[in-house]
Amino acid sequence: MKKYTLTTLISLTLLAGCSGDGGTPKFDNVSVHDPSVIKVNNTYYVFGSHLASAKSKDLISWKQISSGVADGNVLIPNVTEELSQTLSWAQSDTLWAPDVIQLADGKFYMYYNACRGDSPLSAMGIAVADKIEGPYKDQGIILKSGMAGVGNDGEIYDAAVKPNVVDPDVFIDKEGKLWMVYGSYSGGIFIMELDAATGFPLPDQGYGKKLLGANHARIEGPYMLYSPETDYYYLFLSYGGLDTKGGYNIRVARSKNPDGPFEDSEGKAMIDAKGTAGKLFDDPAYSPYGVKLMGNFKFINSSTENAVSEVGYLSPGHNSAYYDAKKKEYYLIFHTRFPNRGEEHEVRVHQMFMNKDGWPVVAPHRYSGEKIGTYTAAEVAGDYKYVNHGKDITATTIQSELIQLGGDGKISGAVTGTWTISGEHNAELTIDGTVYSGVFLQEWNEAVESQVMTFSALSAGGIAIWGSHVSPAAESK
């Protein structure tokens with residue numbers, strides 16, 4: 001095992017002081033399912049299902065604002081009356097994943113939706129507020145789905161090809177146009193252009209343009225992020241089911257245009273990512289499509305580490321994403337469940353980076369204020385807990401295996417190959433003949449309460465690998 005020098009250990013100690021008292025980040029957790037992020041002044045807000053919301057100044061310490069579709073919720077104080085038409089149409093007593101955006105008039109537009117759940121009987125509408133924390137006033141329903149008869153596009157509604165009008169994400173493209181991407185199980189993911197002044201759909205679009213999905217494919221939660229660095233629009237998606245046994249996982253595709261066509265890292269057209277006609281939830285039909293950034297995983301603590309907890313996620317998904325143009329930093333915001341904690345869920349934020357091919361790679365540990373730095377090969381070499389996220393939609397939890405990044409550039413242990421570091425922090429690992437490109441990053445590992453080196457890299461086939469260094473405290477013994 002690698003022996004750390006006194007100089008390196010002092011450096012690691014200093015780096016640990018990224019936030020909180022005594023160098024330990026102070027995480028305050030909240031439960032907001034399907035969190036959609038918006039930054040207002042110096043505060044980040046997330047809005048999610050069941051009229052839940054929370055806020056944070058630093059993406060680390062969160063404070064709950066609201067939760068529960070009941071009168072008295074600060075976002076919509078008389079929600080049962082205000083949204084009675086939506087709840088009645090959807091035959092529901094709750095709301096699903098919303099999105100909030102601030103338009104040119106300075107007001108905040110909440111795109112809300114409700115769904116029956118066991119069918120695509122759904123309604124989507126807009127509520128407007130002068131302040132981000134509300135109160136929001138209903139402006140009416142803009143789309144409906146699941147009807148027995150003619151739908152919004154003037155055609156007979158068919159759930160295998162028409163969208164379920166849920167999970168909206170509203171965004172402004174680089175030309176200043178306003179769009180809404182939305183959709184879920186049933187007919188797929190769609191996009192339509194909105195009036196930039198009113199926030200309502202432009203006329204004569206029906207349900208909009210299909211981007212992917214059909215035949216009840218388990219693909220939902222679309223979220224769009226434009227990167228001025230790569231000039232791509234990145235469409236994030238969640239595959240699978242959201243509960244602990246559902247195999248939820250986060251994927252991404254990209255396009256030069258906000259309305260597509262979108263492709264994955266292999267160049268496969270995402271419009272072909274769909275289920276099999278006449279078959280519900282045929283996961284193997286669409287699991288090969290899209291870059292899989294993260295799924296079920298667990299880092300297994302080494303017996304030599306002074307671990308105080310475990311790090312692992314079950315069914316991470318329904319994410320949003322944020323790009324800080326000033327800092328040139330990307331963040332992935334999502335909810336996740338955890339091993340041995342039932343259906344309990346919390347918000348998590350991880351930093352993202354663009355690899356040399358212009359695809360996002362996700363940092364293995366939750367964001368704690370870290371800044372990517374300049375690292376040497378000597379600092380990177382050592383023992384790592386290794387995870388390969390694969391491409392499947394599966395309830396299986398991938399458990400880490402131990403590998404070594406040798407000082408000679410070779411990889412040994414559970415997998416074999418070679419590794420290099422170039423520039424300040426660029427990582428390239430060749431494992432069993434497959435090349436993975438990404439970054440090295442020093443992060444805080446909650447499980448061992450220590451700064452550790454990590455890597456996150458992606459193959460051309462759209463498979464992500466992570467590594468988390470066995471903690472310095474263990475290796476220096």
# chains A, B, ... in the order shown; residues from 1 in each chain; ligands from 1
$ residues_around --residues "Asp99 (chain A)" --least-positions-apart "2" --cutoff "7 Å" --atoms "only C-alpha atoms" --output "number ranges by chain"
A: 36, 47, 97, 101, 110-112, 168-170
$ residues_around --residues "region 406-416 of chain A" --least-positions-apart "6" --cutoff "7 Å" --atoms "only C-alpha atoms" --output "list in words"
Ala378, Ala381, Gly382, Ile431 and Asp432 of chain A
$ write_last_selection --atoms "all heavy atoms" --output "PDB file, in the first residue's frame"
ATOM      1  N   ALA A 378       1.917  10.624  -8.405  1.00  0.00           N
ATOM      2  CA  ALA A 378       2.188  10.068  -7.081  1.00  0.00           C
ATOM      3  C   ALA A 378       0.998  10.254  -6.146  1.00  0.00           C
ATOM      4  O   ALA A 378       0.706   9.386  -5.316  1.00  0.00           O
ATOM      5  CB  ALA A 378       3.432  10.725  -6.483  1.00  0.00           C
ATOM      6  N   ALA A 381      -1.814   7.578  -7.394  1.00  0.00           N
ATOM      7  CA  ALA A 381      -1.548   6.143  -7.245  1.00  0.00           C
ATOM      8  C   ALA A 381      -2.002   5.636  -5.884  1.00  0.00           C
ATOM      9  O   ALA A 381      -1.974   6.352  -4.885  1.00  0.00           O
ATOM     10  CB  ALA A 381      -0.064   5.872  -7.430  1.00  0.00           C
ATOM     11  N   GLY A 382      -2.463   4.387  -5.852  1.00  0.00           N
ATOM     12  CA  GLY A 382      -2.866   3.778  -4.593  1.00  0.00           C
ATOM     13  C   GLY A 382      -4.037   2.825  -4.759  1.00  0.00           C
ATOM     14  O   GLY A 382      -4.401   2.431  -5.880  1.00  0.00           O
ATOM     15  N   ILE A 431      -9.274  -0.476 -19.177  1.00  0.00           N
ATOM     16  CA  ILE A 431      -9.597  -1.651 -18.365  1.00  0.00           C
ATOM     17  C   ILE A 431     -10.175  -2.730 -19.263  1.00  0.00           C
ATOM     18  O   ILE A 431     -11.181  -2.500 -19.955  1.00  0.00           O
ATOM     19  CB  ILE A 431     -10.592  -1.284 -17.246  1.00  0.00           C
ATOM     20  CG1 ILE A 431      -9.951  -0.270 -16.286  1.00  0.00           C
ATOM     21  CG2 ILE A 431     -11.052  -2.528 -16.488  1.00  0.00           C
ATOM     22  CD1 ILE A 431     -10.892   0.270 -15.232  1.00  0.00           C
ATOM     23  N   ASP A 432      -9.519  -3.866 -19.277  1.00  0.00           N
ATOM     24  CA  ASP A 432      -9.949  -4.985 -20.117  1.00  0.00           C
ATOM     25  C   ASP A 432     -10.175  -4.541 -21.557  1.00  0.00           C
ATOM     26  O   ASP A 432     -11.139  -4.957 -22.226  1.00  0.00           O
ATOM     27  CB  ASP A 432     -11.225  -5.621 -19.549  1.00  0.00           C
ATOM     28  CG  ASP A 432     -11.012  -6.206 -18.162  1.00  0.00           C
ATOM     29  OD1 ASP A 432      -9.872  -6.620 -17.860  1.00  0.00           O
ATOM     30  OD2 ASP A 432     -11.968  -6.224 -17.368  1.00  0.00           O
TER      31      ASP A 432
END
$ residues_around --residues "Gly358 (chain A)" --least-positions-apart "5" --cutoff "12 Å" --atoms "only C-alpha atoms" --output "PyMOL selection string"
chain A and resi 227-234+252-255+264-265+352-353+437-438+457-460
$ write_last_selection --atoms "N, CA and C atoms" --output "mmCIF file, in the first residue's frame"
data_model
loop_
_atom_site.group_PDB
_atom_site.id
_atom_site.type_symbol
_atom_site.label_atom_id
_atom_site.label_comp_id
_atom_site.auth_asym_id
_atom_site.auth_seq_id
_atom_site.Cartn_x
_atom_site.Cartn_y
_atom_site.Cartn_z
ATOM 1 N N SER A 227 -24.650 23.603 -22.270
ATOM 2 C CA SER A 227 -23.280 23.902 -21.877
ATOM 3 C C SER A 227 -22.662 24.857 -22.888
ATOM 4 N N PRO A 228 -22.344 26.096 -22.484
ATOM 5 C CA PRO A 228 -21.668 27.012 -23.406
ATOM 6 C C PRO A 228 -20.244 26.576 -23.721
ATOM 7 N N GLU A 229 -19.688 25.694 -22.909
ATOM 8 C CA GLU A 229 -18.329 25.199 -23.149
ATOM 9 C C GLU A 229 -18.286 24.227 -24.321
ATOM 10 N N THR A 230 -19.291 23.363 -24.415
ATOM 11 C CA THR A 230 -19.316 22.356 -25.479
ATOM 12 C C THR A 230 -20.301 22.694 -26.588
ATOM 13 N N ASP A 231 -21.203 23.655 -26.326
ATOM 14 C CA ASP A 231 -22.260 24.047 -27.259
ATOM 15 C C ASP A 231 -23.226 22.891 -27.534
ATOM 16 N N TYR A 232 -23.423 22.046 -26.537
ATOM 17 C CA TYR A 232 -24.411 20.969 -26.627
ATOM 18 C C TYR A 232 -25.542 21.203 -25.634
ATOM 19 N N TYR A 233 -26.717 20.716 -26.008
ATOM 20 C CA TYR A 233 -27.827 20.583 -25.072
ATOM 21 C C TYR A 233 -27.808 19.152 -24.548
ATOM 22 N N TYR A 234 -27.760 19.018 -23.231
ATOM 23 C CA TYR A 234 -27.716 17.699 -22.596
ATOM 24 C C TYR A 234 -29.087 17.381 -22.021
ATOM 25 N N VAL A 252 -27.990 10.300 -19.881
ATOM 26 C CA VAL A 252 -27.910 11.566 -20.598
ATOM 27 C C VAL A 252 -27.677 11.298 -22.080
ATOM 28 N N ALA A 253 -28.232 12.190 -22.906
ATOM 29 C CA ALA A 253 -27.976 12.220 -24.344
ATOM 30 C C ALA A 253 -27.725 13.682 -24.705
ATOM 31 N N ARG A 254 -27.303 13.953 -25.928
ATOM 32 C CA ARG A 254 -27.002 15.342 -26.272
ATOM 33 C C ARG A 254 -27.357 15.649 -27.724
ATOM 34 N N SER A 255 -27.503 16.971 -27.987
ATOM 35 C CA SER A 255 -27.812 17.453 -29.323
ATOM 36 C C SER A 255 -27.304 18.881 -29.449
ATOM 37 N N ASP A 264 -26.694 9.322 -28.187
ATOM 38 C CA ASP A 264 -25.854 8.951 -27.046
ATOM 39 C C ASP A 264 -24.401 8.916 -27.482
ATOM 40 N N SER A 265 -23.516 8.460 -26.619
ATOM 41 C CA SER A 265 -22.078 8.518 -26.897
ATOM 42 C C SER A 265 -21.639 7.563 -27.998
ATOM 43 N N MET A 352 -20.225 17.710 -11.393
ATOM 44 C CA MET A 352 -19.998 17.060 -12.681
ATOM 45 C C MET A 352 -18.875 17.776 -13.420
ATOM 46 N N PHE A 353 -18.261 17.048 -14.352
ATOM 47 C CA PHE A 353 -17.195 17.596 -15.184
ATOM 48 C C PHE A 353 -17.364 17.064 -16.593
ATOM 49 N N SER A 437 -12.554 7.821 -20.153
ATOM 50 C CA SER A 437 -11.973 9.153 -20.027
ATOM 51 C C SER A 437 -12.754 9.977 -19.019
ATOM 52 N N GLY A 438 -12.031 10.701 -18.166
ATOM 53 C CA GLY A 438 -12.707 11.504 -17.161
ATOM 54 C C GLY A 438 -11.732 12.369 -16.397
ATOM 55 N N ALA A 457 -14.963 8.354 -14.763
ATOM 56 C CA ALA A 457 -14.631 8.281 -16.181
ATOM 57 C C ALA A 457 -15.717 7.544 -16.951
ATOM 58 N N LEU A 458 -15.733 7.762 -18.251
ATOM 59 C CA LEU A 458 -16.797 7.256 -19.106
ATOM 60 C C LEU A 458 -16.201 6.620 -20.350
ATOM 61 N N SER A 459 -16.791 5.500 -20.784
ATOM 62 C CA SER A 459 -16.354 4.852 -22.024
ATOM 63 C C SER A 459 -17.159 5.378 -23.201
ATOM 64 N N ALA A 460 -16.678 5.121 -24.395
ATOM 65 C CA ALA A 460 -17.415 5.503 -25.601
ATOM 66 C C ALA A 460 -18.739 4.762 -25.688
#
$ closest_atom_pairs --of "region 371-477 of chain A" --to "region 279-297 of chain A" --cutoff "10 Å" --atoms "only C-alpha atoms" --output "JSON lines"
{"residue": "A:Val387", "atom": "CA", "partner": "A:Phe297", "partner_atom": "CA", "distance": 7.3}
{"residue": "A:Asn388", "atom": "CA", "partner": "A:Phe297", "partner_atom": "CA", "distance": 8.9}
{"residue": "A:His389", "atom": "CA", "partner": "A:Met294", "partner_atom": "CA", "distance": 6.2}
{"residue": "A:Gly390", "atom": "CA", "partner": "A:Lys292", "partner_atom": "CA", "distance": 7.5}
{"residue": "A:Lys391", "atom": "CA", "partner": "A:Lys292", "partner_atom": "CA", "distance": 6.1}
{"residue": "A:Asp392", "atom": "CA", "partner": "A:Ser287", "partner_atom": "CA", "distance": 5.8}
{"residue": "A:Ile393", "atom": "CA", "partner": "A:Ser287", "partner_atom": "CA", "distance": 6.3}
{"residue": "A:Thr394", "atom": "CA", "partner": "A:Asn296", "partner_atom": "CA", "distance": 8.0}
{"residue": "A:Ala395", "atom": "CA", "partner": "A:Asn296", "partner_atom": "CA", "distance": 7.2}
{"residue": "A:Thr396", "atom": "CA", "partner": "A:Asn296", "partner_atom": "CA", "distance": 6.9}
{"residue": "A:Thr397", "atom": "CA", "partner": "A:Asn296", "partner_atom": "CA", "distance": 4.8}
{"residue": "A:Ile398", "atom": "CA", "partner": "A:Phe297", "partner_atom": "CA", "distance": 4.5}
{"residue": "A:Gln399", "atom": "CA", "partner": "A:Phe297", "partner_atom": "CA", "distance": 5.8}
{"residue": "A:Ser400", "atom": "CA", "partner": "A:Phe297", "partner_atom": "CA", "distance": 7.5}
{"residue": "A:Ser456", "atom": "CA", "partner": "A:Leu293", "partner_atom": "CA", "distance": 9.7}
{"residue": "A:Ala457", "atom": "CA", "partner": "A:Leu293", "partner_atom": "CA", "distance": 9.5}
{"residue": "A:Leu458", "atom": "CA", "partner": "A:Leu293", "partner_atom": "CA", "distance": 8.2}
{"residue": "A:Ser459", "atom": "CA", "partner": "A:Val291", "partner_atom": "CA", "distance": 9.1}
{"residue": "A:Ala460", "atom": "CA", "partner": "A:Val291", "partner_atom": "CA", "distance": 8.9}
{"residue": "A:Gly461", "atom": "CA", "partner": "A:Val291", "partner_atom": "CA", "distance": 7.6}
{"residue": "A:Gly462", "atom": "CA", "partner": "A:Val291", "partner_atom": "CA", "distance": 4.2}
{"residue": "A:Ile463", "atom": "CA", "partner": "A:Lys292", "partner_atom": "CA", "distance": 5.8}
{"residue": "A:Ala464", "atom": "CA", "partner": "A:Leu293", "partner_atom": "CA", "distance": 5.6}
{"residue": "A:Ile465", "atom": "CA", "partner": "A:Leu293", "partner_atom": "CA", "distance": 8.6}
{"residue": "A:Trp466", "atom": "CA", "partner": "A:Met294", "partner_atom": "CA", "distance": 9.5}
$ closest_atom_pairs --of "region 266-318 of chain A" --to "region 330-342 of chain A" --cutoff "8 Å" --atoms "only C-alpha atoms" --output "Markdown table"
| residue | atom | partner | partner_atom | distance |
| --- | --- | --- | --- | --- |
| A:Gly312 | CA | A:Phe338 | CA | 6.3 |
| A:Tyr313 | CA | A:Phe338 | CA | 4.7 |
| A:Leu314 | CA | A:Arg337 | CA | 4.8 |
| A:Ser315 | CA | A:Thr336 | CA | 5.8 |
| A:Pro316 | CA | A:Thr336 | CA | 4.1 |
| A:Gly317 | CA | A:Phe334 | CA | 5.6 |
| A:His318 | CA | A:Phe334 | CA | 5.9 |
$ write_last_selection --atoms "all heavy atoms" --output "compact mmCIF listing (two decimals), in the first residue's frame"
# COMPACT_ATOMS: atom_id res chain seq x y z
N GLY A 312 -23.55 4.70 -0.30
CA GLY A 312 -24.20 3.92 -1.35
C GLY A 312 -25.58 4.47 -1.64
O GLY A 312 -26.21 5.08 -0.76
N TYR A 313 -26.05 4.28 -2.87
CA TYR A 313 -27.37 4.76 -3.28
C TYR A 313 -28.19 3.63 -3.87
O TYR A 313 -27.65 2.73 -4.54
CB TYR A 313 -27.25 5.86 -4.33
CG TYR A 313 -26.57 7.13 -3.89
CD1 TYR A 313 -26.03 8.00 -4.84
CD2 TYR A 313 -26.48 7.50 -2.55
CE1 TYR A 313 -25.41 9.18 -4.47
CE2 TYR A 313 -25.87 8.68 -2.17
CZ TYR A 313 -25.33 9.52 -3.13
OH TYR A 313 -24.72 10.69 -2.76
N LEU A 314 -29.48 3.71 -3.65
CA LEU A 314 -30.44 2.86 -4.34
C LEU A 314 -31.38 3.75 -5.15
O LEU A 314 -31.94 4.71 -4.63
CB LEU A 314 -31.27 2.04 -3.35
CG LEU A 314 -30.54 0.98 -2.52
CD1 LEU A 314 -31.54 0.23 -1.64
CD2 LEU A 314 -29.79 0.00 -3.41
N SER A 315 -31.52 3.44 -6.41
CA SER A 315 -32.44 4.14 -7.31
C SER A 315 -32.25 5.66 -7.30
O SER A 315 -33.21 6.42 -7.09
CB SER A 315 -33.90 3.78 -6.97
OG SER A 315 -34.17 2.44 -7.28
N PRO A 316 -31.03 6.13 -7.52
CA PRO A 316 -30.85 7.58 -7.67
C PRO A 316 -31.47 8.04 -8.98
O PRO A 316 -31.36 7.36 -10.01
CB PRO A 316 -29.32 7.72 -7.71
CG PRO A 316 -28.83 6.43 -8.30
CD PRO A 316 -29.78 5.38 -7.77
N GLY A 317 -32.16 9.19 -8.95
CA GLY A 317 -32.75 9.62 -10.20
C GLY A 317 -33.59 10.87 -10.12
O GLY A 317 -33.56 11.60 -9.14
N HIS A 318 -34.36 11.06 -11.17
CA HIS A 318 -35.19 12.26 -11.42
C HIS A 318 -34.41 13.51 -11.04
O HIS A 318 -34.77 14.25 -10.14
CB HIS A 318 -36.51 12.20 -10.69
CG HIS A 318 -37.56 13.03 -11.38
ND1 HIS A 318 -38.77 12.52 -11.77
CD2 HIS A 318 -37.54 14.32 -11.79
CE1 HIS A 318 -39.47 13.47 -12.37
NE2 HIS A 318 -38.74 14.58 -12.40
$ closest_residue --among "A:Glu370, A:Glu82, A:Asp259, A:Glu266" --to "Met224 (chain A)" --atoms "only C-alpha atoms"
A:Asp259
$ residues_around --residues "Lys107 (chain A)" --least-positions-apart "5" --cutoff "8 Å" --atoms "only C-alpha atoms" --output "tab-separated table (two decimals) with all heavy atoms, in the first residue's frame"
chain	number	residue	atom	x	y	z
A	102	GLN	N	-38.00	31.63	-13.75
A	102	GLN	CA	-38.29	33.07	-13.71
A	102	GLN	C	-38.22	33.60	-15.14
A	102	GLN	O	-37.23	33.43	-15.84
A	102	GLN	CB	-37.28	33.80	-12.83
A	102	GLN	CG	-37.62	35.27	-12.61
A	102	GLN	CD	-36.67	35.96	-11.64
A	102	GLN	OE1	-35.53	35.53	-11.47
A	102	GLN	NE2	-37.14	37.02	-10.99
A	128	VAL	N	-48.38	31.17	-10.94
A	128	VAL	CA	-47.42	32.28	-10.99
A	128	VAL	C	-47.34	32.97	-9.63
A	128	VAL	O	-48.34	33.12	-8.93
A	128	VAL	CB	-47.81	33.29	-12.08
A	128	VAL	CG1	-46.82	34.46	-12.11
A	128	VAL	CG2	-47.84	32.61	-13.45
A	129	ALA	N	-46.11	33.39	-9.27
A	129	ALA	CA	-45.89	34.11	-8.02
A	129	ALA	C	-44.93	35.26	-8.24
A	129	ALA	O	-44.09	35.24	-9.15
A	129	ALA	CB	-45.33	33.16	-6.96
A	130	ASP	N	-45.04	36.27	-7.39
A	130	ASP	CA	-44.11	37.40	-7.43
A	130	ASP	C	-42.80	37.07	-6.75
A	130	ASP	O	-41.77	37.68	-7.06
A	130	ASP	CB	-44.75	38.62	-6.76
A	130	ASP	CG	-45.93	39.17	-7.54
A	130	ASP	OD1	-45.91	39.11	-8.78
A	130	ASP	OD2	-46.89	39.62	-6.89
A	131	LYS	N	-42.85	36.12	-5.80
A	131	LYS	CA	-41.66	35.72	-5.05
A	131	LYS	C	-41.45	34.21	-5.21
A	131	LYS	O	-42.41	33.46	-5.33
A	131	LYS	CB	-41.81	36.08	-3.57
A	131	LYS	CG	-41.95	37.58	-3.32
A	131	LYS	CD	-42.10	37.86	-1.84
A	131	LYS	CE	-42.25	39.35	-1.57
A	131	LYS	NZ	-42.41	39.64	-0.12
$ select_by_dssp --residues "region 165-358 of chain A" --states "strand (DSSP E or B)" --output "ChimeraX atom specification"
/A:169-172,178-184,188-194,201,209-212,219-227,232-239,241,247,249-255,263,269,291-294,297-299,311-324,329-337,345-354
$ residues_around --residues "region 189-200 of chain A" --least-positions-apart "5" --cutoff "9 Å" --atoms "only C-alpha atoms" --output "ChimeraX atom specification"
/A:103-105,109,126,142,163-164,170,172,176-184,205-214,219-222,258-259
$ write_last_selection --atoms "N, CA, C and O atoms" --output "short mmCIF file (atom, residue, chain, number, x, y, z; two decimals), in the first residue's frame"
data_model
loop_
_atom_site.label_atom_id
_atom_site.label_comp_id
_atom_site.auth_asym_id
_atom_site.auth_seq_id
_atom_site.Cartn_x
_atom_site.Cartn_y
_atom_site.Cartn_z
N LEU A 103 -39.30 34.26 -15.57
CA LEU A 103 -39.36 34.80 -16.92
C LEU A 103 -39.02 36.29 -16.93
O LEU A 103 -38.72 36.87 -15.88
N ALA A 104 -39.07 36.90 -18.10
CA ALA A 104 -38.60 38.27 -18.28
C ALA A 104 -39.36 39.28 -17.45
O ALA A 104 -38.82 40.35 -17.12
N ASP A 105 -40.61 38.96 -17.08
CA ASP A 105 -41.39 39.89 -16.27
C ASP A 105 -40.99 39.87 -14.80
O ASP A 105 -41.56 40.60 -13.97
N TYR A 109 -42.75 31.18 -12.53
CA TYR A 109 -43.77 30.35 -13.15
C TYR A 109 -43.55 28.89 -12.73
O TYR A 109 -42.50 28.32 -13.03
N ILE A 126 -50.05 25.93 -15.03
CA ILE A 126 -49.08 26.96 -14.63
C ILE A 126 -49.66 27.75 -13.47
O ILE A 126 -50.83 28.13 -13.48
N ILE A 142 -52.75 23.61 -19.03
CA ILE A 142 -52.26 23.80 -20.40
C ILE A 142 -52.26 22.51 -21.21
O ILE A 142 -52.30 22.55 -22.44
N PRO A 163 -47.98 11.24 -25.17
CA PRO A 163 -47.28 11.43 -23.89
C PRO A 163 -48.20 11.45 -22.69
O PRO A 163 -49.39 11.74 -22.79
N ASN A 164 -47.62 11.12 -21.56
CA ASN A 164 -48.22 11.37 -20.25
C ASN A 164 -47.73 12.76 -19.85
O ASN A 164 -46.54 12.98 -19.74
N VAL A 170 -38.77 23.45 -17.92
CA VAL A 170 -38.86 24.61 -18.79
C VAL A 170 -37.51 25.32 -18.81
O VAL A 170 -36.92 25.57 -17.75
N ILE A 172 -34.68 28.13 -21.19
CA ILE A 172 -34.44 29.11 -22.24
C ILE A 172 -33.20 28.69 -23.00
O ILE A 172 -32.15 28.44 -22.41
N GLY A 176 -32.60 32.46 -26.79
CA GLY A 176 -33.62 33.16 -26.04
C GLY A 176 -35.02 32.59 -26.17
O GLY A 176 -35.98 33.16 -25.63
N LYS A 177 -35.17 31.47 -26.87
CA LYS A 177 -36.47 30.83 -27.00
C LYS A 177 -36.79 30.02 -25.75
O LYS A 177 -35.88 29.47 -25.10
N LEU A 178 -38.08 29.93 -25.43
CA LEU A 178 -38.54 29.21 -24.24
C LEU A 178 -39.12 27.86 -24.66
O LEU A 178 -39.96 27.80 -25.57
N TRP A 179 -38.69 26.81 -23.98
CA TRP A 179 -39.11 25.44 -24.32
C TRP A 179 -39.56 24.70 -23.06
O TRP A 179 -39.14 25.03 -21.95
N MET A 180 -40.35 23.67 -23.29
CA MET A 180 -40.69 22.74 -22.21
C MET A 180 -40.50 21.31 -22.71
O MET A 180 -41.09 20.90 -23.71
N VAL A 181 -39.64 20.58 -22.03
CA VAL A 181 -39.49 19.16 -22.28
C VAL A 181 -40.24 18.43 -21.18
O VAL A 181 -40.20 18.84 -20.01
N TYR A 182 -40.94 17.35 -21.51
CA TYR A 182 -41.76 16.67 -20.51
C TYR A 182 -42.04 15.24 -20.97
O TYR A 182 -41.69 14.85 -22.08
N GLY A 183 -42.70 14.48 -20.11
CA GLY A 183 -43.14 13.15 -20.49
C GLY A 183 -42.66 12.07 -19.54
O GLY A 183 -41.87 12.32 -18.64
N SER A 184 -43.17 10.88 -19.79
CA SER A 184 -42.94 9.80 -18.85
C SER A 184 -43.32 8.49 -19.52
O SER A 184 -43.42 8.41 -20.75
N GLN A 205 -49.42 23.18 -31.70
CA GLN A 205 -48.33 22.21 -31.52
C GLN A 205 -48.82 20.85 -31.06
O GLN A 205 -48.03 19.90 -31.05
N GLY A 206 -50.09 20.78 -30.64
CA GLY A 206 -50.57 19.53 -30.08
C GLY A 206 -49.80 19.19 -28.82
O GLY A 206 -49.73 19.99 -27.88
N TYR A 207 -49.19 18.01 -28.81
CA TYR A 207 -48.34 17.61 -27.68
C TYR A 207 -46.87 17.98 -27.90
O TYR A 207 -46.03 17.72 -27.05
N GLY A 208 -46.55 18.54 -29.06
CA GLY A 208 -45.18 18.89 -29.36
C GLY A 208 -44.48 17.82 -30.17
O GLY A 208 -45.11 16.99 -30.83
N LYS A 209 -43.16 17.82 -30.10
CA LYS A 209 -42.31 16.92 -30.88
C LYS A 209 -41.76 15.81 -29.99
O LYS A 209 -41.24 16.09 -28.91
N LYS A 210 -41.84 14.59 -30.47
CA LYS A 210 -41.30 13.47 -29.69
C LYS A 210 -39.78 13.41 -29.82
O LYS A 210 -39.23 13.51 -30.92
N LEU A 211 -39.12 13.23 -28.69
CA LEU A 211 -37.67 13.09 -28.67
C LEU A 211 -37.21 11.65 -28.52
O LEU A 211 -36.18 11.26 -29.07
N LEU A 212 -37.98 10.86 -27.77
CA LEU A 212 -37.65 9.44 -27.57
C LEU A 212 -38.80 8.77 -26.83
O LEU A 212 -39.71 9.43 -26.33
N GLY A 213 -38.72 7.46 -26.74
CA GLY A 213 -39.69 6.70 -25.95
C GLY A 213 -40.93 6.32 -26.75
O GLY A 213 -41.22 6.87 -27.80
N ALA A 214 -41.67 5.37 -26.19
CA ALA A 214 -42.95 4.88 -26.74
C ALA A 214 -43.17 3.49 -26.17
O ALA A 214 -42.26 2.87 -25.59
N ILE A 219 -39.02 5.41 -19.01
CA ILE A 219 -38.11 6.54 -19.16
C ILE A 219 -38.89 7.79 -18.76
O ILE A 219 -39.97 8.04 -19.29
N GLU A 220 -38.35 8.57 -17.83
CA GLU A 220 -39.09 9.73 -17.34
C GLU A 220 -38.15 10.81 -16.83
O GLU A 220 -36.92 10.72 -16.97
N GLY A 221 -38.74 11.87 -16.25
CA GLY A 221 -37.97 12.92 -15.60
C GLY A 221 -36.98 13.64 -16.48
O GLY A 221 -35.83 13.83 -16.09
N PRO A 222 -37.36 14.09 -17.69
CA PRO A 222 -36.39 14.77 -18.54
C PRO A 222 -35.96 16.12 -17.96
O PRO A 222 -36.75 16.83 -17.34
N PRO A 258 -31.99 22.37 -29.24
CA PRO A 258 -32.82 22.05 -28.07
C PRO A 258 -33.90 21.02 -28.34
O PRO A 258 -34.29 20.29 -27.43
N ASP A 259 -34.36 20.95 -29.60
CA ASP A 259 -35.42 19.99 -29.93
C ASP A 259 -34.89 18.80 -30.71
O ASP A 259 -35.63 18.10 -31.39
#
$ select_by_dssp --residues "region 217-377 of chain A" --states "helix (DSSP H, G or I)" --output "list in words"
Met270, Ile271, Asp272, Asp283, Pro284, Ala285, Tyr286 and Ala377 of chain A
$ atom_distance --atom1 "CA of Asp243 (chain A)" --atom2 "CA of Glu346 (chain A)"
12.8 Å
$ residues_around --residues "Val452 (chain A)" --least-positions-apart "5" --cutoff "9 Å" --atoms "only C-alpha atoms" --output "VMD selection string"
chain A and resid 12 441 to 445 468 to 472
$ write_last_selection --atoms "C-alpha atoms" --output "PDB file, in the first residue's frame"
ATOM      1  CA  LEU A  12      -4.850  16.567   2.783  1.00  0.00           C
ATOM      2  CA  LEU A 441     -10.777  14.777  -8.073  1.00  0.00           C
ATOM      3  CA  GLN A 442     -10.078  15.063  -4.374  1.00  0.00           C
ATOM      4  CA  GLU A 443     -13.331  14.816  -2.370  1.00  0.00           C
ATOM      5  CA  TRP A 444     -14.740  14.395   1.105  1.00  0.00           C
ATOM      6  CA  ASN A 445     -15.783  10.808   1.871  1.00  0.00           C
ATOM      7  CA  SER A 468     -12.698   6.148  -4.349  1.00  0.00           C
ATOM      8  CA  HIS A 469      -9.277   5.983  -2.708  1.00  0.00           C
ATOM      9  CA  VAL A 470      -8.917   3.899   0.422  1.00  0.00           C
ATOM     10  CA  SER A 471      -8.675   6.649   3.026  1.00  0.00           C
ATOM     11  CA  PRO A 472      -5.273   8.202   3.770  1.00  0.00           C
TER      12      PRO A 472
END
$ atom_distance --atom1 "CA of Gly146 (chain A)" --atom2 "CA of Pro120 (chain A)"
4.7 Å
$ atom_distance --atom1 "CA of Ala54 (chain A)" --atom2 "CA of Phe27 (chain A)"
13.8 Å
$ residues_around --residues "region 71-78 of chain A" --least-positions-apart "2" --cutoff "9 Å" --atoms "only C-alpha atoms" --output "list in words"
Leu51, Ala52, Ser53, Ile65, Ser66, Ser67, Gly68, Val69, Thr80, Glu81, Glu82, Leu83, Ala127, Ala129, Ile132, Glu133, Gly134, Pro135, Tyr136, Lys137 and Asp138 of chain A
